[in-house]
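Here the structure comes first, spelled out in structure tokens, and everything after it is commentary.
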Amino acid sequence: MDSFTDLVTEQGLWATASVDDRPAGTDRARASSALGRSATPADVLVGQTVRKAAGPVRSGGDLRDSITAESFPQTAGTLDARIRGASALVCFSHLRWNFVWQRPQHLLSRIARHLPVYVVEEPEFAEDDAPASVRMERRGDVTVITPLLPFDPEPRWGFNDTTNPQIRNLLAPVFSDLGLLGEESGTLVAWYYTPMAWGVAPHAFRPALVVFDAMDELANFRGAPRRLREQEAALMAEADLVFTGGPSLYDARKDRHPDVHCFPSGVEASHFAQAANGVARPSDLAAVTRPVIGFYGVIDERVDLELLGAIAAARPDWTLAMIGPVLKIAKEDLPQHPNILYFGKQEYRDLPGFLACFDVAILPFARNEATQFISPTKTLEYMAGEKPIVSTPIKDVVDLYGEVVAIAESPEEFVAAIERALAEGPADRIRRLARARVLLTLHDWDVIAARMATLMGDALASRAPAFAMTAPRTTSVVAAGFPPEPAFRSIRGTLPLAGVRDDARALLDRSVTDAADD
């Protein structure tokens, strides 16, 4: 298939791509007639009653109702049954648990409600003569294990050929005490976020299932280890399941493993919906000159600093608010315009307050190796806060969210797109929010976690019939998480889609009609 949109189209969630090959009177034709133009797949997704409408959207009203997993009877409250065969999950991650709250935290904290979850972080290095040790901390339902290594020898970063043997020796007694080694350990799941951690587990650690969740193309990042691609090949050769954080990552791996599944990152919509529903705003941002053009996330080589500076120079009457830690680039290299404000790293719980201050949310990513495969989580979070969004043409943003997000490349195009977003009328706002609601509903983190749990449960059951899942075989569905062909066919018989699709359309029909009538 040519694009991820074609994939979802083929699976029946969206109308067929061509109006001409559809019988008259179908969803697509009705939507085209109502809109007065050729309807896109997303127009059809918002329901059979999509139509032009005027009038304000009720703040906090219908467009944010039922946007969680409970919207779908097939997904609610069943994650526990799906992973009942597992005794514990051990994750190896290059990301600090207490850094930016993102994909690993969202997924693993949900799984941890139903079975023990241990996260082994990359090591920290002591600046004194302290001996090597391990720090264990309870973070909510997750146990975080951090190896602490002496400052010497080099290299002093992450998982690598030098640190891995030391880490393995440190983990052996810890894993033994936790009951994670040997024949008595039960049915363990090993979950990897970095291939550089492959081989770091103690030799007696024998997982029944190995999962690789490829959330980024780490080999393309600045300063990536030279052995990363080799390590990934070794991990994928042993992995039972491979999840990817977006369609671009999927396309790069679909021919390298027989069981690859595309799961673009999700959203905790109710959390970010606070931005449109009166959440307290940080005083230092709430008081600045409007409009506020905002971004939050890690500020590193993926952000187009020249574009940011050009926008600030072109519109000195706008305030550009940049929220997030600065990594791998010198702070003096950041554009320094009086109307660009940097707020540093903020806690996840505080992001809705910052988002509430944005008049337009932006994704000013550069076009380089580091962004070739990204699928930014914040896109959906911006949508949940009901903000208009402007992005550079990142492939996954275009493929997944192009019906909601305005795409612009040059500084002039980006400024013009922001100006259009600021001038958005009531009818356009209604249509944008209705389309966004589709994505929010189908990309809910609870739904994604349940869908992943189903795949893990099925894999465990296929290896040990005694661990067969007792959950109903109607399973959760993530619009962007359907295993693309050919993998989809292998489990199509166990994943009925019609009920979820009908539930989604019924919700969307109701929400768009209600919004239009307000």
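In the structure tokens, each chain is lettered A, B, ... as it comes, each chain's residues begin at 1, and ligands are numbered from 1 in order of appearance.
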
*Can you list, as a ChimeraX atom specification, all residues belonging to segment 225-438 of chain A that DSSP tags as strand (DSSP E)?*
/A:241-244,260-262,292-296,319-323,340-344,360-363,389-391,406-407

*What does the distance from atom CA of Glu306 of chain A to atom CA of Ala224 of chain A come to in Å, to one decimal?*
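Atom-to-atom, atom CA of Glu306 of chain A to atom CA of Ala224 of chain A, that is 23.5 Å.
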
Can you tell me, as an mmCIF file with N, CA and C atoms, in the first residue's frame, what residues are no more than 7 Å from Glu268 of chain A when counting only C-alpha atoms, ignoring any on the same chain fewer than 2 positions away?
```cif
data_model
loop_
_atom_site.group_PDB
_atom_site.id
_atom_site.type_symbol
_atom_site.label_atom_id
_atom_site.label_comp_id
_atom_site.auth_asym_id
_atom_site.auth_seq_id
_atom_site.Cartn_x
_atom_site.Cartn_y
_atom_site.Cartn_z
ATOM 1 N N SER A 270 -8.247 12.982 28.632
ATOM 2 C CA SER A 270 -8.896 13.704 29.727
ATOM 3 C C SER A 270 -7.918 14.629 30.446
ATOM 4 N N HIS A 271 -6.644 14.233 30.491
ATOM 5 C CA HIS A 271 -5.634 15.072 31.146
ATOM 6 C C HIS A 271 -5.439 16.379 30.380
ATOM 7 N N PHE A 272 -5.275 16.276 29.067
ATOM 8 C CA PHE A 272 -4.992 17.474 28.279
ATOM 9 C C PHE A 272 -6.249 18.256 27.915
ATOM 10 N N ASP A 444 -6.384 6.276 22.272
ATOM 11 C CA ASP A 444 -6.334 6.363 23.730
ATOM 12 C C ASP A 444 -5.293 5.382 24.277
ATOM 13 N N TRP A 445 -4.504 5.815 25.267
ATOM 14 C CA TRP A 445 -3.462 4.954 25.823
ATOM 15 C C TRP A 445 -4.032 3.665 26.403
#
```

*Spatial neighbours of Ala126 of chain A, max dist 7 Å, only C-alpha atoms, sep filter under 6 positions, as a list of chain:residue names*: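 That gives A:Leu148, A:Leu149, A:Pro150, A:Phe151.
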
Limited to N, CA and C atoms, could you put the picked residues into a file as a CSV table (one decimal), in the first residue's frame?
```csv
chain,number,residue,atom,x,y,z
A,148,LEU,N,24.3,1.8,39.4
A,148,LEU,CA,25.2,2.9,39.8
A,148,LEU,C,26.6,2.5,39.6
A,149,LEU,N,27.3,3.0,38.7
A,149,LEU,CA,28.7,2.6,38.3
A,149,LEU,C,29.7,3.6,38.7
A,150,PRO,N,30.9,3.2,39.0
A,150,PRO,CA,32.0,4.1,39.2
A,150,PRO,C,32.2,5.0,38.0
A,151,PHE,N,32.8,6.2,38.3
A,151,PHE,CA,33.0,7.1,37.2
A,151,PHE,C,33.9,6.6,36.1
```

Under the rule of at most 12 Å, produce a per-residue listing of segment 311-347 of chain A near segment 360-365 of chain A: chain, number, name, the closest pair of atoms, and the distance in Å, as CSV, using only C-alpha atoms.
```
residue,atom,partner,partner_atom,distance
A:Ile311,CA,A:Pro364,CA,10.1
A:Trp318,CA,A:Val360,CA,10.7
A:Thr319,CA,A:Val360,CA,10.6
A:Leu320,CA,A:Ile362,CA,9.7
A:Ala321,CA,A:Ala361,CA,9.6
A:Met322,CA,A:Ile362,CA,9.9
A:Ile323,CA,A:Ala361,CA,11.5
```

Just N, CA, C and O atoms for this one: save the residues we selected as an mmCIF file, in the first residue's frame.
```cif
data_model
loop_
_atom_site.group_PDB
_atom_site.id
_atom_site.type_symbol
_atom_site.label_atom_id
_atom_site.label_comp_id
_atom_site.auth_asym_id
_atom_site.auth_seq_id
_atom_site.Cartn_x
_atom_site.Cartn_y
_atom_site.Cartn_z
ATOM 1 N N ILE A 311 10.352 32.797 12.420
ATOM 2 C CA ILE A 311 8.977 33.116 12.816
ATOM 3 C C ILE A 311 8.974 34.284 13.794
ATOM 4 O O ILE A 311 8.176 35.227 13.671
ATOM 5 N N TRP A 318 4.013 38.446 18.119
ATOM 6 C CA TRP A 318 3.632 37.154 18.665
ATOM 7 C C TRP A 318 4.614 36.763 19.768
ATOM 8 O O TRP A 318 5.800 37.107 19.724
ATOM 9 N N THR A 319 4.144 35.999 20.744
ATOM 10 C CA THR A 319 5.020 35.398 21.746
ATOM 11 C C THR A 319 5.200 33.921 21.420
ATOM 12 O O THR A 319 4.218 33.192 21.271
ATOM 13 N N LEU A 320 6.436 33.488 21.280
ATOM 14 C CA LEU A 320 6.732 32.081 21.049
ATOM 15 C C LEU A 320 7.172 31.464 22.373
ATOM 16 O O LEU A 320 8.199 31.860 22.947
ATOM 17 N N ALA A 321 6.385 30.536 22.880
ATOM 18 C CA ALA A 321 6.659 29.902 24.170
ATOM 19 C C ALA A 321 7.213 28.506 23.936
ATOM 20 O O ALA A 321 6.544 27.658 23.333
ATOM 21 N N MET A 322 8.427 28.250 24.392
ATOM 22 C CA MET A 322 9.095 26.964 24.230
ATOM 23 C C MET A 322 9.246 26.318 25.603
ATOM 24 O O MET A 322 9.991 26.804 26.453
ATOM 25 N N ILE A 323 8.538 25.237 25.798
ATOM 26 C CA ILE A 323 8.520 24.553 27.087
ATOM 27 C C ILE A 323 9.193 23.204 26.931
ATOM 28 O O ILE A 323 8.782 22.393 26.100
#
```

*Can you tell me how far atom CA of Glu386 of chain A sits from atom CA of Gln274 of chain A, in Å to one decimal?*
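Answer for the atom CA of Glu386 of chain A to atom CA of Gln274 of chain A separation: 9.7 Å.
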
_d(atom CA of Met452 of chain A, atom CA of Val200 of chain A) in Å_ =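 About the pair atom CA of Met452 of chain A and atom CA of Val200 of chain A: they are 24.3 Å apart.
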
*Proximity to Pro291 of chain A - best of A:Ile374, A:Ala234, A:Leu422, A:Val415, only C-alpha atoms*: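 Between A:Ile374, A:Ala234, A:Leu422, A:Val415, the residue approaching Pro291 of chain A most closely is A:Leu422.
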
*Extract the full set of alpha helix (DSSP H) residues from segment 132-200 of chain A according to DSSP on the backbone, and format it as JSON, numbers by chain.*
{"A": [163, 164, 165, 166, 167, 168, 169, 170, 171, 172, 173, 174, 175, 176, 177]}
